[in-house]
Amino acid sequence: MSEHVALGPADADAAWMGIRRHQALAAVSGVVLVGDGVMNHRPLVEVVVGLVLLGCAVPLIDGRTVGEWGTVVVGFLLRRHWREFSVREFGDDVVLWTGGEVTFRGYRLAHLGRLDLSGRDVELAEALATMVDAASAARGPRHLSQHVHHHRTGTSTLMALPADLSPPEGWQLDGQLTLEVLGTRTASTSHYLERFNYVRTSEGPCRVYRVRDFSAVASSRALLEQLLRARPLADVALHVDVVSGGRAPRVAARAAHKVDSDDASARSVGFRRSAQSARTIERMVQREALVANGRSLIRVAVFVVVRATSLEMLHQRSLEVWRHAHDTGLRLERGRGAQARWYAAQLPGGASW
């Protein structure tokens, strides 16, 4: 993205004529079933099913609908809550298994102060962007992550890279920091317990948030700068999934075409183009042009990890982090019912992606 259009809401939030597609499908199906049942004296079960579908389309907190919340709760109740992940070391390589296996190397950023993701080190940011552009030229996808980790003696920044990628200047191989970010001191097998709002690890309870929207961040500030300076301190994990160069232009073109065609369909039935939809189209067209000019296409996920030694401390810290993030323009998702999946997703290497 360029500085002129900047970032917007996640592509997963895309709506069609103001509502999400599954909402439209549930609402239309519900209206058809209820209408058909009443007008043609169908069995009562058809009317009940229609009413249930209409109810499933009603939005609730966090932007989820009744149907989505029902799916989350049922899935949480049915699945096992003890999870396992194992860490092994082979020379400089770290092999992580948590739902999937991945091999990577961990590099520590050699710096003084909090340069991490605050946007103050322009040369560092440019070097990372160059590395990502180079990684997109590979045949298959590449996954890398950057982790701001707090410990007793200060703050460290780790970058996890595939073994065949070399880091930019200023990053040093550090296996011990890699193990600390993974939540272990030695290569071993660990377990964590999933709860609806948090996970319990060997070091205490932990809650994971995901950044959903950057669009309200002031243009004069870096996206994560204020969050990194917040009190209490929270770990931040930035994951980048690099789409291969051969596939990226097709993905960008399809996304631009989809948004443009949805806008044309909405205007054909009387909906006007809003400022938000116009900005979305501009972003998509710009992204397609940048990819066509050789820039990489990436999927970005930012996780905020709040750690504590007790549940009471966890609730207090989580509330403070939540308020601070929203005061600075970052929209967070609480991840209710998805804490185990998000905890695995924020770990270095991207094994569960």
# chains A, B, ... in the order shown; residues from 1 in each chain; ligands from 1
>>> select_by_dssp(residues="region 93-335 of chain A", states="helix (DSSP H, G or I)", output="ChimeraX atom specification")
/A:122-135,175-182,225-228,248-268,275-292,311-327
>>> residues_around(residues="Val148 (chain A)", least_positions_apart="6", cutoff="8 Å", atoms="only C-alpha atoms", output="mmCIF file with N, CA and C atoms, in the first residue's frame")
data_model
loop_
_atom_site.group_PDB
_atom_site.id
_atom_site.type_symbol
_atom_site.label_atom_id
_atom_site.label_comp_id
_atom_site.auth_asym_id
_atom_site.auth_seq_id
_atom_site.Cartn_x
_atom_site.Cartn_y
_atom_site.Cartn_z
ATOM 1 N N ASP A 116 11.688 -1.614 17.294
ATOM 2 C CA ASP A 116 10.942 -2.770 16.829
ATOM 3 C C ASP A 116 10.026 -2.518 15.633
ATOM 4 N N THR A 155 13.321 -5.564 26.552
ATOM 5 C CA THR A 155 12.527 -5.942 25.394
ATOM 6 C C THR A 155 13.441 -6.386 24.263
ATOM 7 N N SER A 156 13.091 -7.485 23.614
ATOM 8 C CA SER A 156 13.867 -7.990 22.478
ATOM 9 C C SER A 156 12.949 -8.203 21.281
ATOM 10 N N THR A 157 13.537 -8.144 20.105
ATOM 11 C CA THR A 157 12.791 -8.353 18.875
ATOM 12 C C THR A 157 13.358 -9.558 18.135
ATOM 13 N N LEU A 158 12.494 -10.494 17.835
ATOM 14 C CA LEU A 158 12.885 -11.724 17.131
ATOM 15 C C LEU A 158 12.241 -11.753 15.753
ATOM 16 N N ASP A 235 3.210 -8.451 24.457
ATOM 17 C CA ASP A 235 3.985 -8.946 23.321
ATOM 18 C C ASP A 235 3.193 -8.724 22.036
ATOM 19 N N VAL A 236 3.896 -8.421 20.973
ATOM 20 C CA VAL A 236 3.268 -8.205 19.670
ATOM 21 C C VAL A 236 3.905 -9.140 18.657
ATOM 22 N N ALA A 237 3.070 -9.858 17.908
ATOM 23 C CA ALA A 237 3.555 -10.781 16.873
ATOM 24 C C ALA A 237 2.991 -10.341 15.522
#
>>> residues_around(residues="Ala57 (chain A)", least_positions_apart="5", cutoff="9 Å", atoms="only C-alpha atoms", output="list in words")
His22, Gln23, Ala24, Leu25, Ala26, Ala27, Val52, Thr65, Val66, Gly67 and Glu68 of chain A
>>> write_last_selection(atoms="C-alpha atoms", output="PDB file, in the first residue's frame")
ATOM      1  CA  HIS A  22     -23.693 -15.233   4.644  1.00  0.00           C
ATOM      2  CA  GLN A  23     -26.103 -12.769   6.296  1.00  0.00           C
ATOM      3  CA  ALA A  24     -27.779 -12.095   2.976  1.00  0.00           C
ATOM      4  CA  LEU A  25     -28.057 -15.823   2.223  1.00  0.00           C
ATOM      5  CA  ALA A  26     -29.531 -16.620   5.646  1.00  0.00           C
ATOM      6  CA  ALA A  27     -31.973 -13.693   5.525  1.00  0.00           C
ATOM      7  CA  VAL A  52     -34.092 -19.796  12.742  1.00  0.00           C
ATOM      8  CA  THR A  65     -23.949 -12.857  13.810  1.00  0.00           C
ATOM      9  CA  VAL A  66     -26.079 -15.156  15.956  1.00  0.00           C
ATOM     10  CA  GLY A  67     -25.263 -18.031  13.602  1.00  0.00           C
ATOM     11  CA  GLU A  68     -21.513 -17.444  13.860  1.00  0.00           C
TER      12      GLU A  68
END
>>> closest_atom_pairs(of="region 191-222 of chain A", to="region 339-345 of chain A", cutoff="9 Å", atoms="only C-alpha atoms", output="tab-separated table")
residue	atom	partner	partner_atom	distance
A:Tyr192	CA	A:Ala340	CA	8.2
A:Leu193	CA	A:Ala340	CA	7.8
A:Glu194	CA	A:Ala340	CA	5.4
A:Arg195	CA	A:Gln339	CA	7.2
A:Phe196	CA	A:Gln339	CA	6.9
A:Asn197	CA	A:Gln339	CA	6.5
A:Tyr198	CA	A:Gln339	CA	5.7
A:Val199	CA	A:Gln339	CA	6.3
A:Cys206	CA	A:Tyr343	CA	8.6
A:Arg207	CA	A:Gln339	CA	7.1
A:Val208	CA	A:Tyr343	CA	6.3
A:Tyr209	CA	A:Trp342	CA	8.0
A:Arg210	CA	A:Trp342	CA	8.1
>>> closest_residue(among="A:Val259, A:Arg299, A:Val305, A:Leu144", to="Arg283 (chain A)", atoms="only C-alpha atoms")
A:Val259
>>> residues_around(residues="Gly91 (chain A)", least_positions_apart="3", cutoff="10 Å", atoms="only C-alpha atoms", output="list in words")
Arg88, Val94, Arg105 and Gly175 of chain A
>>> write_last_selection(atoms="C-alpha atoms", output="PDB file, in the first residue's frame")
ATOM      1  CA  ARG A  88      13.303 -29.474  18.577  1.00  0.00           C
ATOM      2  CA  VAL A  94      14.256 -24.922  15.080  1.00  0.00           C
ATOM      3  CA  ARG A 105      15.614 -19.879  12.261  1.00  0.00           C
ATOM      4  CA  GLY A 175      18.346 -19.744  19.398  1.00  0.00           C
TER       5      GLY A 175
END
>>> closest_residue(among="A:Pro348, A:Gly70, A:Gly35, A:Gly50", to="His239 (chain A)", atoms="only C-alpha atoms")
A:Pro348
>>> residues_around(residues="His324 (chain A)", least_positions_apart="4", cutoff="12 Å", atoms="only C-alpha atoms", output="short mmCIF file (atom, residue, chain, number, x, y, z; two decimals) with C-alpha atoms, in the first residue's frame")
data_model
loop_
_atom_site.label_atom_id
_atom_site.label_comp_id
_atom_site.auth_asym_id
_atom_site.auth_seq_id
_atom_site.Cartn_x
_atom_site.Cartn_y
_atom_site.Cartn_z
CA LEU A 224 1.75 -0.02 16.09
CA GLU A 225 3.88 2.66 17.73
CA GLN A 226 1.48 3.58 20.53
CA LEU A 227 0.63 -0.06 21.24
CA LEU A 228 4.32 -0.87 21.71
CA ARG A 229 4.64 1.99 24.18
CA ALA A 230 1.50 1.05 26.12
CA ARG A 231 1.43 0.10 29.78
CA PRO A 232 1.17 -2.68 30.72
CA LEU A 233 3.56 -4.11 28.17
CA ALA A 234 2.16 -6.74 25.82
CA ARG A 317 -4.01 -6.09 31.94
CA SER A 318 -6.28 -7.19 29.08
CA LEU A 319 -8.75 -4.41 29.82
CA GLU A 320 -5.99 -1.79 29.86
CA THR A 328 -5.09 4.93 19.46
CA GLY A 329 -7.27 3.72 16.56
CA LEU A 330 -6.58 -0.03 16.50
CA ARG A 331 -9.61 -2.31 16.43
CA LEU A 332 -8.94 -5.56 18.27
#
>>> residues_around(residues="Val132 (chain A)", least_positions_apart="6", cutoff="9 Å", atoms="only C-alpha atoms", output="PyMOL selection string")
chain A and resi 142+144+240+242+295-296+298
>>> write_last_selection(atoms="C-alpha atoms", output="PDB file, in the first residue's frame")
ATOM      1  CA  ARG A 142       6.948 -17.929   2.239  1.00  0.00           C
ATOM      2  CA  LEU A 144       7.985 -14.926   8.192  1.00  0.00           C
ATOM      3  CA  VAL A 240       3.586 -12.024   7.027  1.00  0.00           C
ATOM      4  CA  VAL A 242       4.115 -13.905   1.187  1.00  0.00           C
ATOM      5  CA  ARG A 295       5.953  -5.498  -5.412  1.00  0.00           C
ATOM      6  CA  SER A 296       5.063  -8.454  -3.206  1.00  0.00           C
ATOM      7  CA  ILE A 298       1.290 -10.352   1.412  1.00  0.00           C
TER       8      ILE A 298
END
>>> atom_distance(atom1="CA of Pro167 (chain A)", atom2="CA of Ala134 (chain A)")
11.5 Å
>>> closest_residue(among="A:Arg64, A:Thr130, A:Ser352, A:Glu101", to="Arg334 (chain A)", atoms="only C-alpha atoms")
A:Arg64
>>> atom_distance(atom1="CA of Gly140 (chain A)", atom2="CA of Val302 (chain A)")
22.5 Å
